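Enquirer: File name final-v2.tsv; file contents TSV, C-alpha atoms; full text below.
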```tsv
chain	number	residue	atom	x	y	z
A	1	MET	CA	29.22	45.06	-61.06
A	2	SER	CA	27.38	46.69	-58.16
A	3	GLU	CA	24.47	48.90	-59.06
A	4	LEU	CA	24.19	52.56	-58.23
A	5	HIS	CA	20.93	54.09	-57.01
A	6	CYS	CA	19.96	57.70	-57.61
A	7	PRO	CA	20.66	58.98	-54.04
A	8	LYS	CA	24.21	57.62	-54.17
A	9	ALA	CA	24.67	58.70	-57.80
A	10	THR	CA	23.64	62.29	-57.02
A	11	ARG	CA	25.99	62.36	-54.05
A	12	LEU	CA	28.81	61.36	-56.40
A	13	VAL	CA	27.75	64.04	-58.87
A	14	SER	CA	28.03	66.57	-56.05
A	15	ASP	CA	31.35	65.14	-54.85
A	16	ALA	CA	32.75	65.43	-58.38
A	17	GLN	CA	32.43	69.20	-58.06
A	18	ASP	CA	34.76	69.18	-55.06
A	19	ARG	CA	37.20	66.34	-55.62
A	20	GLU	CA	38.44	63.99	-58.29
A	21	LEU	CA	36.42	60.78	-58.26
A	22	SER	CA	38.28	57.47	-58.18
A	23	ALA	CA	38.29	55.43	-61.39
A	24	PRO	CA	35.67	52.93	-60.11
A	25	GLU	CA	33.44	55.78	-58.88
A	26	ARG	CA	33.69	57.49	-62.25
A	27	GLU	CA	32.88	54.29	-64.08
A	28	LEU	CA	29.88	53.52	-61.88
A	29	LEU	CA	28.54	57.04	-62.23
A	30	GLN	CA	29.01	57.13	-65.99
A	31	SER	CA	27.18	53.88	-66.52
A	32	HIS	CA	24.37	55.00	-64.20
A	33	MET	CA	23.93	58.29	-66.03
A	34	THR	CA	23.63	56.62	-69.41
A	35	ILE	CA	20.55	54.76	-68.19
A	36	CYS	CA	19.21	57.49	-65.87
A	37	PRO	CA	18.34	60.78	-67.62
A	38	PRO	CA	17.14	62.47	-64.35
A	39	CYS	CA	20.57	61.99	-62.74
A	40	ALA	CA	22.26	63.23	-65.91
A	41	ARG	CA	20.00	66.27	-65.71
A	42	PHE	CA	20.94	66.78	-62.06
A	43	ASP	CA	24.58	66.86	-63.17
A	44	GLU	CA	23.66	69.42	-65.84
A	45	GLN	CA	21.84	71.56	-63.25
A	46	LEU	CA	24.80	71.59	-60.85
A	47	ARG	CA	27.08	72.73	-63.66
A	48	MET	CA	24.61	75.48	-64.47
A	49	ILE	CA	24.42	76.60	-60.84
A	50	ARG	CA	28.22	76.83	-60.75
A	51	ALA	CA	28.27	78.81	-63.99
A	52	PHE	CA	25.57	81.15	-62.73
A	53	VAL	CA	27.25	81.74	-59.38
A	54	LYS	CA	30.37	82.64	-61.35
A	55	ARG	CA	28.37	85.08	-63.44
A	56	TRP	CA	26.75	86.55	-60.33
A	57	ARG	CA	30.21	87.00	-58.77
A	58	GLU	CA	31.56	88.74	-61.85
A	59	ARG	CA	28.62	91.10	-61.98
A	60	ALA	CA	28.42	91.88	-58.27
B	1	MET	CA	54.33	114.02	-47.90
B	2	HIS	CA	51.55	115.28	-50.09
B	3	ASP	CA	52.14	112.39	-52.46
B	4	ASN	CA	51.80	109.89	-49.60
B	5	VAL	CA	48.45	111.34	-48.59
B	6	ASP	CA	47.26	111.26	-52.20
B	7	GLN	CA	48.37	107.66	-52.49
B	8	SER	CA	46.55	106.64	-49.31
B	9	VAL	CA	43.39	108.34	-50.47
B	10	ALA	CA	43.65	106.57	-53.83
B	11	GLU	CA	44.23	103.19	-52.14
B	12	PHE	CA	41.33	103.73	-49.80
B	13	GLY	CA	39.15	104.64	-52.77
B	14	GLU	CA	40.14	101.48	-54.57
B	15	LEU	CA	39.35	99.32	-51.54
B	16	GLU	CA	36.02	101.10	-51.13
B	17	GLY	CA	35.15	100.07	-54.66
B	18	HIS	CA	34.94	96.45	-53.45
B	19	ARG	CA	32.64	97.18	-50.49
B	20	ALA	CA	29.39	96.35	-52.30
B	21	TYR	CA	30.72	93.00	-53.49
B	22	LEU	CA	32.10	92.05	-50.07
B	23	LEU	CA	28.80	93.01	-48.48
B	24	LYS	CA	26.85	90.76	-50.82
B	25	VAL	CA	29.12	87.84	-50.03
B	26	ALA	CA	28.88	88.53	-46.28
B	27	GLN	CA	25.10	88.85	-46.44
B	28	LEU	CA	24.82	85.41	-48.02
B	29	GLN	CA	26.33	84.01	-44.84
B	30	LEU	CA	25.13	86.32	-42.10
B	31	LYS	CA	21.41	86.84	-41.79
B	32	GLN	CA	21.84	89.95	-39.63
B	33	PRO	CA	22.45	92.90	-42.00
B	34	SER	CA	24.18	95.13	-39.44
B	35	LEU	CA	26.61	92.32	-38.56
B	36	ALA	CA	27.45	91.81	-42.24
B	37	GLU	CA	28.17	95.54	-42.53
B	38	ASP	CA	30.41	95.46	-39.45
B	39	VAL	CA	32.34	92.49	-40.78
B	40	VAL	CA	32.90	94.23	-44.12
B	41	GLN	CA	33.97	97.42	-42.35
B	42	ASP	CA	36.49	95.40	-40.30
B	43	THR	CA	37.69	93.74	-43.49
B	44	LEU	CA	38.33	97.03	-45.28
B	45	GLU	CA	40.04	98.56	-42.25
B	46	ALA	CA	42.28	95.50	-41.90
B	47	ALA	CA	43.02	95.63	-45.62
B	48	LEU	CA	43.99	99.28	-45.36
B	49	ARG	CA	46.28	98.59	-42.42
B	50	SER	CA	47.98	95.70	-44.18
B	51	ARG	CA	47.90	97.07	-47.72
B	52	HIS	CA	51.68	96.74	-47.99
B	53	THR	CA	51.26	92.94	-47.82
B	54	PHE	CA	49.26	92.91	-51.05
B	55	ARG	CA	51.51	91.32	-53.64
B	56	GLY	CA	49.57	91.81	-56.81
B	57	ASN	CA	49.97	88.19	-57.92
B	58	ALA	CA	46.33	87.63	-56.98
B	59	SER	CA	43.59	90.10	-57.84
B	60	ARG	CA	42.72	92.75	-55.27
B	61	ARG	CA	39.30	91.13	-54.90
B	62	THR	CA	40.80	87.71	-54.18
B	63	TRP	CA	43.07	89.27	-51.57
B	64	LEU	CA	40.13	91.06	-49.93
B	65	THR	CA	38.04	87.89	-50.05
B	66	GLY	CA	40.79	86.12	-48.08
B	67	ILE	CA	40.62	88.80	-45.38
B	68	LEU	CA	36.82	88.64	-45.38
B	69	ARG	CA	37.00	84.88	-44.89
B	70	HIS	CA	38.93	85.32	-41.63
B	71	LYS	CA	36.68	88.14	-40.41
B	72	LEU	CA	33.61	85.99	-41.07
B	73	ALA	CA	35.19	83.08	-39.20
B	74	ASP	CA	35.82	85.44	-36.23
B	75	ALA	CA	32.21	86.63	-36.34
B	76	PHE	CA	30.91	83.07	-36.32
B	77	ARG	CA	33.17	82.10	-33.45
B	78	LEU	CA	31.83	85.02	-31.46
B	79	GLN	CA	28.25	84.13	-32.34
B	80	ARG	CA	28.78	80.54	-31.25
B	81	ARG	CA	30.03	81.73	-27.91
B	82	HIS	CA	26.89	83.77	-27.32
B	83	ALA	CA	24.19	81.77	-29.04
B	84	ALA	CA	22.82	78.28	-29.17
B	85	PRO	CA	25.10	76.02	-31.20
B	86	LEU	CA	24.28	75.41	-34.83
B	87	THR	CA	22.62	72.06	-35.16
B	88	ALA	CA	25.13	70.82	-37.66
B	89	LEU	CA	24.64	67.15	-37.14
B	90	THR	CA	20.88	66.88	-36.95
B	91	VAL	CA	18.44	67.01	-39.81
B	92	PRO	CA	15.95	69.77	-39.13
B	93	GLU	CA	12.51	70.01	-40.70
B	94	HIS	CA	13.48	72.24	-43.61
B	95	LEU	CA	16.08	69.74	-44.77
B	96	ARG	CA	13.66	66.90	-45.16
B	97	SER	CA	12.92	68.07	-48.70
B	98	VAL	CA	16.35	66.70	-49.62
B	99	ASP	CA	15.35	63.27	-48.38
B	100	ALA	CA	11.94	63.68	-49.99
B	101	SER	CA	13.61	63.98	-53.40
B	102	PHE	CA	13.68	60.18	-53.63
B	103	GLY	CA	11.06	57.53	-53.03
B	104	PRO	CA	11.59	54.43	-50.88
B	105	ASP	CA	12.90	52.57	-53.95
B	106	GLY	CA	15.62	55.23	-54.42
B	107	ALA	CA	14.07	56.67	-57.59
B	108	TRP	CA	13.46	60.40	-58.05
B	109	SER	CA	10.02	61.41	-56.77
B	110	ARG	CA	10.07	64.51	-58.98
B	111	PRO	CA	12.76	64.11	-61.62
B	112	PRO	CA	14.77	67.27	-62.37
B	113	LEU	CA	13.58	69.24	-65.36
B	114	HIS	CA	15.59	70.70	-68.17
B	115	TRP	CA	16.30	74.35	-67.36
B	116	ASP	CA	15.71	76.51	-70.31
B	117	VAL	CA	18.11	79.26	-69.34
B	118	PRO	CA	17.16	82.46	-71.10
B	119	GLU	CA	19.38	84.20	-73.62
B	120	ASP	CA	17.59	87.44	-72.97
B	121	ALA	CA	19.59	89.73	-70.63
B	122	GLN	CA	16.54	90.80	-68.61
B	123	LEU	CA	15.46	87.20	-67.99
B	124	GLN	CA	19.03	86.27	-67.11
B	125	THR	CA	19.00	88.97	-64.46
B	126	GLU	CA	15.76	87.51	-63.11
B	127	PHE	CA	17.36	84.09	-63.03
B	128	LEU	CA	20.28	85.48	-61.05
B	129	GLU	CA	17.80	87.03	-58.62
B	130	VAL	CA	16.14	83.66	-58.14
B	131	LEU	CA	19.55	82.13	-57.50
B	132	GLN	CA	20.44	84.80	-54.97
B	133	ASP	CA	17.08	84.47	-53.26
B	134	CYS	CA	17.50	80.68	-53.01
B	135	LEU	CA	21.01	81.11	-51.62
B	136	GLY	CA	19.56	83.39	-48.96
B	137	ASN	CA	17.04	80.71	-47.98
B	138	LEU	CA	19.58	78.01	-47.25
B	139	PRO	CA	20.03	77.05	-43.58
B	140	PRO	CA	23.02	78.94	-42.06
B	141	LEU	CA	25.67	76.25	-41.92
B	142	ILE	CA	24.79	74.94	-45.36
B	143	ALA	CA	24.78	78.46	-46.79
B	144	ARG	CA	28.21	79.08	-45.30
B	145	ALA	CA	29.62	75.89	-46.78
B	146	PHE	CA	28.18	76.69	-50.20
B	147	VAL	CA	29.32	80.31	-50.24
B	148	LEU	CA	32.84	79.42	-49.09
B	149	ARG	CA	33.09	76.86	-51.86
B	150	GLU	CA	31.23	78.36	-54.80
B	151	VAL	CA	31.41	82.09	-54.21
B	152	MET	CA	34.72	82.45	-52.38
B	153	GLU	CA	36.20	79.45	-54.23
B	154	LEU	CA	38.05	77.94	-51.28
B	155	GLU	CA	39.40	74.41	-51.35
B	156	THR	CA	37.47	71.85	-49.32
B	157	ALA	CA	40.29	71.43	-46.76
B	158	GLU	CA	40.13	75.16	-45.96
B	159	ILE	CA	36.36	75.04	-45.61
B	160	SER	CA	36.48	72.01	-43.31
B	161	GLU	CA	38.89	73.97	-41.13
B	162	ASP	CA	36.71	77.10	-41.05
B	163	LEU	CA	33.57	75.15	-40.23
B	164	SER	CA	35.30	72.61	-37.93
B	165	VAL	CA	33.78	69.70	-39.79
B	166	THR	CA	35.29	66.54	-41.28
B	167	ALA	CA	35.78	66.16	-45.02
B	168	ASN	CA	32.93	63.68	-45.16
B	169	HIS	CA	30.56	65.94	-43.25
B	170	LEU	CA	31.45	68.77	-45.59
B	171	GLY	CA	30.57	66.48	-48.51
B	172	VAL	CA	27.13	65.98	-46.93
B	173	LEU	CA	26.69	69.73	-46.41
B	174	MET	CA	27.64	70.48	-50.03
B	175	TYR	CA	25.30	67.77	-51.27
B	176	ARG	CA	22.42	69.16	-49.24
B	177	ALA	CA	23.19	72.70	-50.37
B	178	ARG	CA	23.10	71.69	-54.03
B	179	MET	CA	19.96	69.58	-53.67
B	180	LEU	CA	18.13	72.36	-51.83
B	181	LEU	CA	19.31	75.01	-54.28
B	182	ARG	CA	18.30	73.09	-57.37
B	183	THR	CA	14.87	72.34	-55.92
B	184	CYS	CA	14.41	75.99	-54.90
B	185	ILE	CA	15.53	77.32	-58.28
B	186	GLU	CA	13.34	74.89	-60.17
B	187	THR	CA	10.30	75.67	-58.04
B	188	GLN	CA	10.72	79.45	-58.12
B	189	TRP	CA	11.71	79.64	-61.75
B	190	LEU	CA	8.81	77.48	-62.88
B	191	ASP	CA	6.41	79.27	-60.54
B	192	GLU	CA	7.24	82.44	-62.36
B	193	GLY	CA	6.38	80.65	-65.58
B	194	SER	CA	9.59	81.72	-67.24
B	195	GLY	CA	11.41	78.45	-67.59
B	196	ALA	CA	8.66	75.99	-68.40
```
Could you take the file, read its structure, and then write that structure out as structure tokens?
Expert:
Amino acid sequence: MSELHCPKATRLVSDAQDRELSAPERELLQSHMTICPPCARFDEQLRMIRAFVKRWRERA
Amino acid sequence: MHDNVDQSVAEFGELEGHRAYLLKVAQLQLKQPSLAEDVVQDTLEAALRSRHTFRGNASRRTWLTGILRHKLADAFRLQRRHAAPLTALTVPEHLRSVDASFGPDGAWSRPPLHWDVPEDAQLQTEFLEVLQDCLGNLPPLIARAFVLREVMELETAEISEDLSVTANHLGVLMYRARMLLRTCIETQWLDEGSGA
């Protein structure tokens, strides 16, 4: 199985916010995130940014 | 007759109630405050003229946001005609921080930290201010892409059309926007000593 590096993994994390990843992409990303806490944290941060933008929009 | 006038006044009042929100959204994309105000004014006037087309199956704000989207696109088209083109395809200096996020081996040079988002309402407001500030610091084209997607909630195909970019290029813009935002938020938030 080909390996995923952090730059590509983070790009996929970003893409996942805009489109549905293919099954192989999802699998690659999942296995990368289990061994890479920083990328998992990046995913967590993007979800937080989205949630906070939503909150900002509701308050504005 | 009297009733019609009353109704128009009431409708105008309701539209006016959305001005502040529309202005904030416009200001995230247009650096020039007077231009953002003009665009919002145009949006509200257009909304008033076409108020009979409002169907009520979307919220009034969503409907207005759709009109704002087109007015913003017009404003950018006009700007492009009179100004130097946006350097959409090059990587200017301020974007290098995205590339600097990783070392030559592809590993994070400064791994993302856990954000301890405050429960406290006051600190949450400060966090939102940091977010807004960071949004305002994004380069223009990247800010536009991000705002169209995350604030105005458009689908990627619509955004590609508005920005005249391919789906793949939009993916790059969104990626850069998110990388820059997260770095900015982390730096500012930690600098303030609130999230460490």
Enquirer: Please report the interatomic distance between CA of Ala36 (chain B) and CA of Met48 (chain A) in Å with one decimal.
Expert: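 CA of Ala36 (chain B) sits 27.7 Å away from CA of Met48 (chain A).
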Enquirer: Could you list, as number ranges by chain, the residues of chain A having an atom within 7 Å of chain B when counting all atoms listed in the file?
Expert: A: 5-7, 11, 14-15, 18, 38, 41-42, 50, 53, 56-57, 60
Enquirer: With C-alpha atoms retained, could you export that selection as a short mmCIF file (atom, residue, chain, number, x, y, z; two decimals), in the coordinates of the input?
Expert:
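Dumped to result_39.cif:
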```cif
data_model
loop_
_atom_site.label_atom_id
_atom_site.label_comp_id
_atom_site.auth_asym_id
_atom_site.auth_seq_id
_atom_site.Cartn_x
_atom_site.Cartn_y
_atom_site.Cartn_z
CA HIS A 5 20.93 54.09 -57.01
CA CYS A 6 19.96 57.70 -57.61
CA PRO A 7 20.66 58.98 -54.04
CA ARG A 11 25.99 62.36 -54.05
CA SER A 14 28.03 66.57 -56.05
CA ASP A 15 31.35 65.14 -54.85
CA ASP A 18 34.76 69.18 -55.06
CA PRO A 38 17.14 62.47 -64.35
CA ARG A 41 20.00 66.27 -65.71
CA PHE A 42 20.94 66.78 -62.06
CA ARG A 50 28.22 76.83 -60.75
CA VAL A 53 27.25 81.74 -59.38
CA TRP A 56 26.75 86.55 -60.33
CA ARG A 57 30.21 87.00 -58.77
CA ALA A 60 28.42 91.88 -58.27
#
```
Enquirer: Please provide the set of residues having any atom within 12 Å of Ser59 (chain B), restricted to only C-alpha atoms, with same-chain residues fewer than 6 positions apart removed, written as an MDAnalysis selection string.
Expert: chainID B and resid 15 18 65:66
Enquirer: Could you check the closest approach to Glu25 (chain A) for each of A:Glu3, A:Ala51, A:Asp43, A:Pro37 and tell me which residue wins, using all atoms listed in the file?
Expert: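 Selected residue with least distance to Glu25 (chain A): A:Glu3.
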Enquirer: Do you know which residues are at most 7 Å from region 157-162 of chain B counting only C-alpha atoms, after dropping those on the same chain fewer than 4 positions away, and could you put them as a PDB file with C-alpha atoms, in the frame of the given file?
Expert:
```pdb
ATOM      1  CA  ALA B  73      35.190  83.080 -39.200  1.00  0.00           C
ATOM      2  CA  ALA B 145      29.620  75.890 -46.780  1.00  0.00           C
ATOM      3  CA  LEU B 148      32.840  79.420 -49.090  1.00  0.00           C
ATOM      4  CA  THR B 166      35.290  66.540 -41.280  1.00  0.00           C
ATOM      5  CA  ALA B 167      35.780  66.160 -45.020  1.00  0.00           C
ATOM      6  CA  LEU B 170      31.450  68.770 -45.590  1.00  0.00           C
TER       7      LEU B 170
END
```
Enquirer: If we count all atoms listed in the file and set the cut-off at 12 Å, which residues sit around Leu35 (chain B), ignoring sequence neighbours fewer than 6 positions away in its own chain? Please answer as a ChimeraX atom specification.
Expert: /B:23,26-29,41-42,71-72,74-76,78-79
